[in-house]
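**Q** So here's start.txt, just compact mmCIF, C-alpha atoms:
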```
# COMPACT_ATOMS: atom_id res chain seq x y z
CA MET P 1 158.08 -25.65 -90.28
CA ARG P 2 157.03 -29.28 -90.42
CA VAL P 3 153.75 -29.80 -92.33
CA VAL P 4 152.03 -33.19 -92.40
CA VAL P 5 149.27 -33.63 -94.99
CA VAL P 6 146.80 -36.45 -94.34
CA GLY P 7 145.49 -37.71 -97.69
CA GLY P 8 147.10 -38.04 -101.10
CA GLY P 9 144.19 -37.17 -103.36
CA ILE P 10 144.23 -34.19 -105.70
CA GLY P 11 144.23 -31.50 -103.01
CA GLY P 12 146.73 -33.22 -100.72
CA LEU P 13 149.19 -33.96 -103.50
CA ALA P 14 148.88 -30.43 -104.89
CA LEU P 15 149.69 -28.99 -101.46
CA GLY P 16 152.58 -31.40 -100.94
CA ALA P 17 154.00 -30.54 -104.36
CA GLY P 18 153.71 -26.81 -103.75
CA LEU P 19 155.30 -26.91 -100.31
CA ARG P 20 158.11 -29.18 -101.52
CA ARG P 21 158.82 -26.82 -104.40
CA ARG P 22 159.27 -23.99 -101.88
CA GLY P 23 161.55 -25.90 -99.55
CA PHE P 24 159.14 -26.81 -96.77
CA ASP P 25 159.63 -29.89 -94.60
CA VAL P 26 156.47 -31.72 -95.67
CA ALA P 27 155.07 -35.25 -95.62
CA VAL P 28 151.97 -36.43 -97.52
CA LEU P 29 150.45 -39.57 -95.99
CA GLU P 30 148.26 -41.71 -98.26
CA ARG P 31 146.66 -45.05 -97.40
CA ASP P 32 146.67 -46.23 -101.05
CA THR P 33 149.72 -48.12 -102.21
CA ASP P 34 149.38 -47.04 -105.85
CA VAL P 35 148.51 -43.49 -106.96
CA ALA P 36 147.01 -44.89 -110.18
CA ALA P 37 144.50 -46.92 -108.14
CA THR P 38 141.83 -44.26 -108.42
CA GLY P 39 138.68 -43.69 -110.44
CA GLY P 40 139.33 -43.90 -114.16
CA TYR P 41 137.15 -40.92 -114.96
CA HIS P 42 137.98 -37.29 -115.65
CA ILE P 43 137.80 -33.88 -114.06
CA THR P 44 137.68 -30.33 -115.36
CA LEU P 45 140.25 -27.68 -114.54
CA ASP P 46 139.07 -24.16 -115.30
CA GLY P 47 141.36 -21.16 -115.66
CA ARG P 48 141.46 -20.49 -111.92
CA ALA P 49 142.42 -24.07 -111.10
CA GLN P 50 145.13 -24.03 -113.78
CA ALA P 51 146.52 -20.75 -112.42
CA ALA P 52 146.65 -22.28 -108.94
CA LEU P 53 148.46 -25.34 -110.28
CA ARG P 54 151.07 -23.15 -111.94
CA GLU P 55 151.85 -21.76 -108.49
CA LEU P 56 152.31 -25.26 -107.09
CA VAL P 57 154.15 -27.31 -109.73
CA ALA P 58 157.00 -26.83 -112.16
CA PRO P 59 156.25 -25.60 -115.71
CA GLU P 60 157.18 -29.00 -117.17
CA ILE P 61 154.46 -30.67 -115.11
CA MET P 62 151.92 -28.18 -116.45
CA ARG P 63 153.03 -28.80 -120.02
CA ARG P 64 152.60 -32.56 -119.62
CA LEU P 65 149.18 -32.02 -118.07
CA LEU P 66 147.99 -29.82 -120.95
CA ALA P 67 149.43 -32.24 -123.50
CA SER P 68 147.32 -34.94 -121.81
CA GLY P 69 144.15 -32.88 -121.49
CA SER P 70 141.13 -32.36 -123.74
CA ALA P 71 140.36 -28.68 -124.44
CA LEU P 72 136.70 -27.72 -124.13
CA ARG P 73 137.14 -25.01 -126.77
CA LEU P 74 137.77 -27.71 -129.41
CA ARG P 75 134.49 -29.57 -129.02
CA GLU P 76 130.99 -28.68 -130.20
CA ARG P 77 128.44 -26.85 -128.06
CA ASP P 78 126.89 -28.99 -125.33
CA ALA P 79 123.42 -30.41 -125.90
CA LEU P 80 120.26 -30.93 -123.86
CA TRP P 81 118.05 -33.94 -124.66
CA ASP P 82 114.86 -35.45 -123.31
CA LYS P 83 114.44 -39.12 -122.35
CA ALA P 84 113.58 -40.00 -125.97
CA GLY P 85 116.88 -38.57 -127.16
CA ARG P 86 115.26 -35.53 -128.79
CA LEU P 87 117.37 -32.37 -128.88
CA LEU P 88 115.87 -29.62 -126.72
CA GLY P 89 118.59 -26.99 -126.81
CA HIS P 90 122.26 -26.14 -126.66
CA GLY P 91 124.68 -24.84 -124.09
CA PRO P 92 126.90 -21.78 -124.50
CA ASP P 93 129.59 -21.44 -127.15
CA LEU P 94 132.80 -23.01 -125.79
CA GLY P 95 135.12 -21.34 -128.28
CA GLY P 96 136.52 -18.99 -125.64
CA SER P 97 136.77 -21.52 -122.83
CA ASP P 98 140.15 -22.09 -121.20
CA SER P 99 138.94 -25.17 -119.31
CA VAL P 100 140.59 -28.55 -119.80
CA ASP P 101 139.33 -32.08 -119.09
CA VAL P 102 141.99 -34.48 -117.83
CA ASP P 103 141.93 -38.09 -116.67
CA ARG P 104 141.93 -38.23 -112.88
CA ILE P 105 144.62 -40.93 -112.97
CA THR P 106 146.84 -38.74 -115.14
CA LEU P 107 146.45 -35.71 -112.88
CA ARG P 108 147.07 -37.69 -109.72
CA THR P 109 150.14 -39.35 -111.24
CA LEU P 110 151.63 -36.00 -112.27
CA LEU P 111 150.97 -34.48 -108.85
CA ALA P 112 152.52 -37.50 -107.13
CA GLU P 113 155.62 -37.02 -109.27
CA ALA P 114 155.74 -33.36 -108.27
CA ALA P 115 155.32 -34.28 -104.60
CA GLY P 116 158.28 -36.66 -104.94
CA GLU P 117 159.74 -38.15 -101.77
CA THR P 118 157.30 -36.21 -99.58
CA LEU P 119 154.60 -38.78 -100.54
CA GLN P 120 154.42 -41.81 -98.24
CA LEU P 121 152.11 -44.52 -99.60
CA GLY P 122 150.47 -47.23 -97.53
CA CYS P 123 150.12 -44.98 -94.45
CA ALA P 124 146.78 -45.55 -92.74
CA VAL P 125 146.15 -42.68 -90.34
CA THR P 126 143.87 -43.44 -87.36
CA GLY P 127 143.54 -39.96 -85.90
CA VAL P 128 145.10 -36.64 -85.02
CA GLY P 129 145.78 -35.12 -81.63
CA LEU P 130 147.92 -32.70 -79.63
CA ASP P 131 150.89 -33.45 -77.41
CA ARG P 132 151.38 -31.93 -73.95
CA SER P 133 152.77 -28.72 -75.41
CA GLY P 134 149.82 -28.29 -77.74
CA ALA P 135 151.71 -29.28 -80.88
CA PRO P 136 149.77 -31.50 -83.33
CA ARG P 137 150.65 -35.06 -84.18
CA VAL P 138 149.28 -37.70 -86.50
CA LEU P 139 148.36 -41.10 -85.05
CA PHE P 140 148.74 -44.59 -86.52
CA ALA P 141 147.76 -48.08 -85.43
CA ASP P 142 151.15 -49.65 -86.15
CA ARG P 143 153.77 -46.97 -85.47
CA ALA P 144 154.68 -44.05 -83.25
CA PRO P 145 152.86 -40.73 -83.69
CA MET P 146 154.28 -38.27 -86.25
CA PRO P 147 154.86 -34.77 -84.83
CA ALA P 148 154.24 -31.60 -86.84
CA ASP P 149 153.91 -27.86 -86.62
CA LEU P 150 150.83 -28.01 -88.86
CA VAL P 151 148.57 -30.91 -89.80
CA VAL P 152 146.35 -30.55 -92.87
CA GLY P 153 143.43 -32.89 -93.51
CA ALA P 154 143.10 -33.56 -97.23
CA ASP P 155 141.40 -36.90 -96.64
CA GLY P 156 138.15 -36.39 -98.48
CA THR P 157 134.46 -36.52 -97.72
CA HIS P 158 134.83 -38.81 -94.71
CA SER P 159 137.84 -36.96 -93.32
CA LEU P 160 139.18 -38.07 -89.94
CA VAL P 161 140.93 -34.73 -89.53
CA ALA P 162 137.88 -32.56 -90.27
CA ARG P 163 135.70 -34.75 -88.03
CA HIS P 164 138.25 -34.23 -85.23
CA LEU P 165 138.12 -30.47 -85.74
CA ALA P 166 134.34 -30.16 -86.14
CA GLY P 167 133.39 -32.74 -83.54
CA GLY P 168 131.29 -34.60 -86.11
CA PRO P 169 130.60 -35.01 -89.84
CA THR P 170 131.15 -32.00 -92.10
CA ASN P 171 128.71 -33.12 -94.80
CA SER P 172 125.68 -35.33 -95.40
CA PRO P 173 123.96 -37.26 -98.24
CA VAL P 174 121.87 -35.11 -100.60
CA GLY P 175 119.45 -37.83 -101.70
CA ILE P 176 121.00 -38.74 -105.07
CA ILE P 177 122.91 -41.84 -106.13
CA GLY P 178 125.37 -41.43 -108.97
CA PHE P 179 126.43 -44.07 -111.50
CA SER P 180 129.35 -43.63 -113.86
CA GLY P 181 131.16 -45.45 -116.64
CA ARG P 182 133.21 -45.19 -119.83
CA THR P 183 132.13 -46.02 -123.40
CA LEU P 184 134.35 -45.81 -126.47
CA VAL P 185 132.79 -43.76 -129.26
CA ARG P 186 133.63 -46.49 -131.78
CA ASP P 187 131.55 -49.00 -129.81
CA LEU P 188 128.31 -47.12 -130.55
CA THR P 189 126.16 -47.54 -133.65
CA PRO P 190 126.66 -44.98 -136.44
CA ALA P 191 123.23 -43.46 -135.72
CA GLU P 192 124.03 -42.89 -132.06
CA ARG P 193 127.48 -41.52 -132.83
CA GLN P 194 125.82 -39.03 -135.14
CA ARG P 195 123.30 -38.00 -132.47
CA LEU P 196 125.78 -37.60 -129.65
CA ARG P 197 128.56 -36.07 -131.80
CA ARG P 198 131.83 -34.61 -130.49
CA ARG P 199 130.19 -32.81 -127.59
CA SER P 200 128.96 -33.33 -124.07
CA GLY P 201 125.33 -33.19 -123.08
CA LEU P 202 122.65 -33.84 -120.51
CA ALA P 203 119.50 -35.94 -120.94
CA ILE P 204 116.74 -35.27 -118.44
CA GLY P 205 113.61 -37.22 -117.62
CA PRO P 206 110.87 -37.62 -115.01
CA ARG P 207 111.23 -38.51 -111.33
CA GLY P 208 114.70 -37.09 -110.85
CA ALA P 209 116.47 -39.17 -113.51
CA ALA P 210 119.27 -37.66 -115.58
CA LEU P 211 122.12 -38.89 -117.77
CA TYR P 212 125.21 -36.78 -118.41
CA ILE P 213 127.38 -37.78 -121.38
CA GLY P 214 130.80 -36.17 -121.42
CA PHE P 215 132.98 -36.24 -124.53
CA LEU P 216 136.69 -36.72 -123.84
CA ASP P 217 139.45 -36.83 -126.46
CA PRO P 218 142.91 -35.91 -125.10
CA VAL P 219 144.48 -36.93 -128.42
CA GLY P 220 142.31 -35.26 -131.05
CA ASN P 221 141.35 -32.32 -128.82
CA ALA P 222 144.65 -31.94 -126.96
CA ALA P 223 144.96 -28.67 -125.04
CA LEU P 224 148.66 -28.58 -125.99
CA ASP P 225 149.90 -30.13 -129.22
CA ALA P 226 152.91 -31.99 -127.83
CA PRO P 227 152.43 -35.74 -128.40
CA GLU P 228 155.85 -36.53 -126.92
CA LEU P 229 154.58 -35.29 -123.52
CA ARG P 230 151.21 -37.05 -123.61
CA MET P 231 150.40 -39.49 -120.80
CA SER P 232 146.61 -39.56 -120.83
CA VAL P 233 144.82 -42.76 -119.84
CA THR P 234 142.17 -42.07 -122.47
CA THR P 235 143.75 -42.59 -125.89
CA GLU P 236 140.78 -42.30 -128.24
CA PRO P 237 137.40 -40.51 -128.34
CA THR P 238 135.41 -41.66 -125.32
CA TYR P 239 132.16 -40.80 -123.58
CA ILE P 240 132.50 -40.55 -119.80
CA TRP P 241 128.91 -40.74 -118.62
CA GLY P 242 127.18 -40.27 -115.32
CA ALA P 243 123.61 -41.15 -114.38
CA MET P 244 121.67 -39.72 -111.47
CA PHE P 245 118.65 -41.07 -109.61
CA THR P 246 116.98 -40.11 -106.40
CA GLU P 247 118.34 -42.42 -103.72
CA SER P 248 116.90 -45.89 -103.17
CA ALA P 249 118.13 -49.28 -102.04
CA GLY P 250 119.09 -52.16 -104.27
CA THR P 251 122.40 -51.32 -105.90
CA ALA P 252 124.85 -51.09 -103.01
CA ALA P 253 126.08 -54.67 -103.41
CA LEU P 254 126.10 -54.75 -107.23
CA ARG P 255 129.22 -54.49 -109.38
CA GLY P 256 130.20 -54.52 -113.05
CA GLN P 257 127.68 -55.93 -115.50
CA ASP P 258 125.06 -56.53 -112.79
CA LEU P 259 125.25 -52.87 -111.78
CA ARG P 260 125.07 -51.73 -115.41
CA ASP P 261 122.01 -53.94 -116.03
CA ALA P 262 120.28 -52.65 -112.89
CA LEU P 263 120.91 -49.08 -114.01
CA LEU P 264 119.44 -49.77 -117.44
CA ASP P 265 116.37 -51.33 -115.82
CA ARG P 266 115.85 -48.15 -113.80
CA PHE P 267 115.92 -46.01 -116.92
CA ARG P 268 113.61 -48.34 -118.83
CA ALA P 269 111.11 -48.35 -115.98
CA ARG P 270 110.91 -44.57 -116.38
CA GLY P 271 110.20 -44.83 -120.12
CA TRP P 272 113.57 -43.88 -121.57
CA ALA P 273 114.12 -44.72 -125.24
CA GLU P 274 116.39 -47.68 -125.86
CA HIS P 275 118.70 -45.84 -128.26
CA ALA P 276 119.16 -43.05 -125.69
CA LEU P 277 120.56 -45.69 -123.31
CA GLU P 278 123.03 -47.18 -125.80
CA VAL P 279 125.97 -45.28 -124.29
CA VAL P 280 125.26 -47.07 -120.99
CA ALA P 281 124.45 -50.46 -122.50
CA ARG P 282 127.73 -50.57 -124.44
CA ALA P 283 129.97 -49.36 -121.61
CA ASP P 284 132.86 -51.45 -120.38
CA PRO P 285 131.20 -53.13 -117.35
CA HIS P 286 134.45 -52.97 -115.38
CA THR P 287 134.24 -49.16 -115.42
CA VAL P 288 130.69 -48.93 -114.05
CA ALA P 289 130.48 -47.70 -110.46
CA ALA P 290 127.90 -46.26 -108.06
CA PHE P 291 128.33 -43.78 -105.25
CA ARG P 292 126.31 -41.47 -103.03
CA PHE P 293 126.37 -37.69 -103.47
CA ASN P 294 127.37 -35.89 -100.26
CA ALA P 295 127.48 -32.15 -99.68
CA ALA P 296 128.52 -29.67 -97.03
CA SER P 297 126.45 -26.59 -96.22
CA THR P 298 126.20 -23.92 -98.91
CA ARG P 299 126.56 -21.24 -96.22
CA ALA P 300 130.18 -20.13 -96.09
CA SER P 301 129.89 -19.40 -92.37
CA ASP P 302 129.16 -23.11 -91.71
CA LEU P 303 132.38 -24.31 -93.36
CA ALA P 304 135.48 -24.97 -91.23
CA PRO P 305 133.50 -24.18 -88.03
CA TRP P 306 136.49 -24.31 -85.70
CA PRO P 307 139.01 -21.81 -84.35
CA ALA P 308 142.18 -21.43 -86.41
CA GLY P 309 145.08 -23.40 -85.03
CA PRO P 310 147.79 -25.95 -85.82
CA VAL P 311 145.32 -28.37 -87.46
CA THR P 312 143.24 -27.48 -90.51
CA ALA P 313 141.70 -29.16 -93.57
CA LEU P 314 140.93 -28.46 -97.22
CA GLY P 315 139.00 -29.72 -100.24
CA ASP P 316 136.16 -32.20 -99.75
CA ALA P 317 137.15 -32.61 -96.11
CA VAL P 318 135.66 -29.13 -95.59
CA HIS P 319 133.41 -28.35 -98.56
CA ALA P 320 132.35 -31.76 -99.92
CA THR P 321 130.77 -30.97 -103.27
CA PRO P 322 128.57 -33.11 -105.55
CA PRO P 323 130.00 -33.42 -109.09
CA THR P 324 127.13 -31.38 -110.53
CA ALA P 325 129.25 -28.26 -111.03
CA GLY P 326 132.48 -29.94 -112.13
CA MET P 327 134.47 -27.76 -109.72
CA GLY P 328 135.31 -29.92 -106.69
CA ALA P 329 138.85 -30.90 -107.69
CA GLY P 330 139.60 -27.41 -108.94
CA ALA P 331 138.47 -25.94 -105.62
CA ALA P 332 140.78 -28.32 -103.73
CA ILE P 333 143.72 -27.23 -105.90
CA ARG P 334 142.88 -23.59 -105.24
CA ASP P 335 142.70 -24.36 -101.51
CA ALA P 336 146.19 -25.86 -101.71
CA ALA P 337 147.61 -22.82 -103.50
CA SER P 338 146.00 -20.47 -100.98
CA LEU P 339 147.38 -22.37 -97.98
CA ALA P 340 150.86 -22.57 -99.51
CA ALA P 341 150.87 -18.80 -100.08
CA HIS P 342 149.78 -18.06 -96.51
CA LEU P 343 152.41 -20.42 -95.10
CA ARG P 344 155.10 -18.57 -97.05
CA ASP P 345 154.08 -15.47 -95.09
CA VAL P 346 154.84 -17.39 -91.89
CA THR P 347 158.30 -18.50 -92.98
CA SER P 348 159.14 -14.97 -94.13
CA GLY P 349 158.23 -13.63 -90.71
CA ALA P 350 155.33 -11.54 -92.02
CA THR P 351 152.75 -13.27 -89.83
CA THR P 352 152.17 -16.06 -87.31
CA LEU P 353 150.95 -19.56 -88.05
CA PRO P 354 147.52 -19.13 -86.35
CA THR P 355 146.95 -15.90 -88.28
CA ALA P 356 147.99 -17.49 -91.58
CA VAL P 357 145.71 -20.49 -91.00
CA GLY P 358 142.85 -18.17 -90.08
CA ARG P 359 143.26 -16.19 -93.29
CA PHE P 360 143.45 -19.37 -95.35
CA GLU P 361 140.27 -20.75 -93.77
CA ALA P 362 138.44 -17.47 -94.45
CA ASP P 363 139.44 -17.71 -98.13
CA MET P 364 138.37 -21.36 -98.22
CA ARG P 365 134.95 -20.65 -96.71
CA THR P 366 134.16 -18.14 -99.44
CA ARG P 367 135.46 -20.41 -102.21
CA GLY P 368 133.69 -23.49 -100.84
CA GLY P 369 130.39 -21.67 -100.43
CA GLU P 370 130.46 -20.45 -104.03
CA VAL P 371 131.22 -23.88 -105.46
CA LEU P 372 128.61 -25.62 -103.31
CA THR P 373 125.93 -23.11 -104.25
CA LEU P 374 126.49 -23.86 -107.95
CA ALA P 375 126.56 -27.64 -107.44
CA MET P 376 123.47 -27.75 -105.23
CA ARG P 377 121.44 -25.62 -107.64
CA THR P 378 121.49 -28.53 -110.10
CA VAL P 379 120.97 -31.16 -107.37
CA ARG P 380 117.84 -29.40 -106.13
CA TRP P 381 116.56 -29.04 -109.67
CA ILE P 382 116.99 -32.78 -110.29
CA LEU P 383 115.27 -33.66 -107.02
CA ALA P 384 112.35 -31.41 -107.90
CA THR P 385 111.87 -32.89 -111.38
CA ASP P 386 108.79 -35.12 -111.34
CA THR P 387 107.31 -34.73 -114.84
CA THR P 388 108.62 -35.38 -118.32
CA LEU P 389 110.22 -32.30 -119.83
CA GLY P 390 108.94 -31.54 -123.29
CA ALA P 391 109.27 -28.62 -125.70
CA ALA P 392 108.96 -26.09 -122.89
CA ALA P 393 112.41 -27.18 -121.67
CA THR P 394 114.00 -25.40 -124.64
CA ALA P 395 113.42 -22.07 -122.90
CA VAL P 396 115.43 -23.15 -119.87
CA SER P 397 118.04 -25.30 -121.59
CA THR P 398 120.77 -22.65 -121.60
CA PRO P 399 120.77 -21.90 -117.82
CA ILE P 400 120.49 -25.60 -117.02
CA LEU P 401 123.43 -26.48 -119.24
CA ALA P 402 125.43 -23.54 -117.95
CA ALA P 403 125.11 -25.07 -114.48
CA THR P 404 125.73 -28.67 -115.58
CA ALA P 405 128.07 -28.45 -118.57
CA ARG P 406 130.96 -29.69 -116.42
CA LEU P 407 128.98 -32.34 -114.61
CA TRP P 408 130.73 -35.51 -113.42
CA ARG P 409 134.31 -34.30 -113.69
```
Using structure tokens, write down the structure from this file.
**A**
Amino acid sequence: MRVVVVGGGIGGLALGAGLRRRGFDVAVLERDTDVAATGGYHITLDGRAQAALRELVAPEIMRRLLASGSALRLRERDALWDKAGRLLGHGPDLGGSDSVDVDRITLRTLLAEAAGETLQLGCAVTGVGLDRSGAPRVLFADRAPMPADLVVGADGTHSLVARHLAGGPTNSPVGIIGFSGRTLVRDLTPAERQRLRRRSGLAIGPRGAALYIGFLDPVGNAALDAPELRMSVTTEPTYIWGAMFTESAGTAALRGQDLRDALLDRFRARGWAEHALEVVARADPHTVAAFRFNAASTRASDLAPWPAGPVTALGDAVHATPPTAGMGAGAAIRDAASLAAHLRDVTSGATTLPTAVGRFEADMRTRGGEVLTLAMRTVRWILATDTTLGAAATAVSTPILAATARLWR
């Protein structure tokens, strides 16, 4: 069976690695020319995502990932603040958490290594189609089509493959613009370091404004104490923060320091305390970025709305998920493990390819619907926020933090 994966992000590389490990004839096509040329932020892998990865990559890859990851169980309980920086409440105890934060660059690099020679960089795909016999093929602008038995779209929110299958977009903007950046803990004043502490937290304010501050320390809080295996991009305690505002014009063309300054102006215009914005003001301007939140339908029946066949898709191509649940990358990895398992049933003769793809897509619809429901719960709450939250927010801090404790990863 020849499998061609379009897209070398987390989901595509995980699938390529898993199929290669099991002897499949697989190619992963990625338009980037450098796997490290990706966002320098971090993602969370919960226990389910880690279990899926163990099915896809060799144990040594998992050990290096854990040695490069920051264990949530080793940090303090998450916090909830108001726009003045006052503590309103705490999230749940993380002592029993098996989740790990890892730099996106580190994870993508490890998965690319596991995918090996199946990964083809610098391949810009222009479309997908069927030949006269009904077999799928991937199209390019500068070379002959690539034939396959199965084509998998792992090409993200604006997927060419999923658009081909669905006959149109599979997601839409949710009305929120996100801003993100990195700030070293040592660059903050002692007072602000003491307030933020070795924990993550969420500050909420009026008119749909929120600031998530995620604590990342893959060295001091390593999930696996094996310094000789460490390859994390983050090498000292760092806050990876993300701001959210209801969508408006004016930042699309801004970059770096100009974008950071515009973001600070937005917070100040809404009455946020200056010290509560220090983590943004002292960020490395080269790390500051803005992007629109997109989401697919939360109804599982709306996801992958096409008949099962020799072309399918996974991850954000099907269930594009805002970062407000911290589960998008993990869901893509679980998609990859599910598809790899169903394809093994085909090669063993236990089932046919259309049946295997149909079963995979049914699994993916359920998984995608669950993740989207969690993510959109927080999005809708932010959009509905139009007054300053005061002491009354303490009563709701735990459910809010439970839904947003993994935000922006």
**Q** List the spatial neighbours of P:Ala17 as a ChimeraX atom specification - criterion: any atom at most 7 Å away, all atoms listed in the file, same-chain residues fewer than 4 positions off excluded.
**A** /P:13,21,56-57,111,114-115
**Q** Between atom CA of P:Asn171 and atom CA of P:Thr321, measure the distance and give it in Å to one decimal.
**A** 9.0 Å
**Q** Which of these residues is nearest to P:Asp34, using all atoms listed in the file: P:Ala276, P:Cys123, P:Val288, P:Leu263?
**A**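 Smallest distance to P:Asp34 is found for P:Cys123.
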**Q** Between atom CA of P:Gly153 and atom CA of P:Ala350, what is the spacing in Å?
**A**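 Spanning atom CA of P:Ala350 to atom CA of P:Gly153 is a straight-line distance of 24.5 Å.
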**Q** Kindly indicate which residue among P:Met231, P:Met244, P:Ala340, P:Arg198 lies nearest to P:Trp381, using all atoms listed in the file for the distances.
**A**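 Ranking P:Met231, P:Met244, P:Ala340, P:Arg198 by distance to P:Trp381, first place goes to P:Met244.
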**Q** Would you pick out the contacts of stretch 35-37 of chain P at 7 Å or less, using all atoms listed in the file, so that residues sharing its chain but fewer than 6 positions from it are not included, and give the list as JSON, numbers by chain?
**A** {"P": [105, 108, 109]}
**Q** My list of candidates is P:Thr246, P:Thr33, P:Thr126, P:Thr352. Which is closest to P:Phe293 when distances are computed with all atoms listed in the file?
**A**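 Nearest to P:Phe293: P:Thr246.
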**Q** Neighbouring residues of P:Ser70 were defined as those with any atom within 8 Å, considering only C-alpha atoms; residues of the same chain fewer than 5 positions away were excluded. Please report them as an mmCIF file with C-alpha atoms, in the frame of the given file.
**A**
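Below you can see out-v3.cif, which holds the result:
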```
data_model
loop_
_atom_site.group_PDB
_atom_site.id
_atom_site.type_symbol
_atom_site.label_atom_id
_atom_site.label_comp_id
_atom_site.auth_asym_id
_atom_site.auth_seq_id
_atom_site.Cartn_x
_atom_site.Cartn_y
_atom_site.Cartn_z
ATOM 1 C CA VAL P 100 140.590 -28.550 -119.800
ATOM 2 C CA ASP P 101 139.330 -32.080 -119.090
ATOM 3 C CA VAL P 102 141.990 -34.480 -117.830
ATOM 4 C CA LEU P 216 136.690 -36.720 -123.840
ATOM 5 C CA ASP P 217 139.450 -36.830 -126.460
ATOM 6 C CA PRO P 218 142.910 -35.910 -125.100
ATOM 7 C CA VAL P 219 144.480 -36.930 -128.420
ATOM 8 C CA GLY P 220 142.310 -35.260 -131.050
ATOM 9 C CA ASN P 221 141.350 -32.320 -128.820
ATOM 10 C CA ALA P 222 144.650 -31.940 -126.960
ATOM 11 C CA ALA P 223 144.960 -28.670 -125.040
#
```
**Q** List every protein, DNA or RNA residue with an atom no more than 9 Å from (128.3, -24.3, -94.1) in the file's coordinates, counting all atoms listed in the file, and format the result as a PyMOL selection string.
**A** chain P and resi 170-171+296-305+318-319+365+368-369
**Q** For P:Leu353, which of P:Ala341, P:Val6, P:Leu150, P:Ala295 is the closest residue, counting all atoms listed in the file?
**A**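 Among P:Ala341, P:Val6, P:Leu150, P:Ala295, it is P:Leu150 that comes nearest to P:Leu353.
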**Q** Which of these, P:Ala124, P:Ala331, P:Leu88, P:Ala51, has the shortest distance to P:Glu30 once you count all atoms listed in the file?
**A**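 Distance minimum relative to P:Glu30 lands on P:Ala124.
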**Q** May I have the residues within 9 Å of stretch 131-139 of chain P as a list in words, using all atoms listed in the file and disregarding those fewer than 5 positions away in the same chain?
**A** Val4, Val6, Val125, Thr126, Ala144, Pro145, Met146, Pro147, Ala148, Asp149, Leu150, Val151, Pro310 and Val311 of chain P
**Q** Measuring between only C-alpha atoms, which one of P:Thr347, P:Thr373, P:Gln257, P:Thr238 shows the shortest distance to P:Leu188?
**A**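 With only C-alpha atoms as the atom set, the closest residue is P:Thr238.
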**Q** Could you work out how far atom CA of P:Phe179 lies from atom CA of P:Leu259, giving the answer in Å with one decimal?
**A**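 It comes out at 8.9 Å.
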**Q** Mind listing as a count of residues only all residues within 9 Å of (136.7, -27.6, -126.5), counting all atoms listed in the file?
**A** 18
**Q** Name all residues at most 7 Å from P:Arg292 (count all atoms listed in the file; drop same-chain ones fewer than 2 positions away) and give them as a PyMOL selection string.
**A** chain P and resi 173+176-178+294
**Q** Which centre and edge lengths in Å to one decimal define the box along x, y and z that fits every listed atom of stretch 210-228 of chain P plus 4 Å per side, as AutoDock Vina command-line options?
**A**
```
--center_x 137.6 --center_y -33.7 --center_z -123.3 --size_x 44.6 --size_y 18.3 --size_z 23.5
```
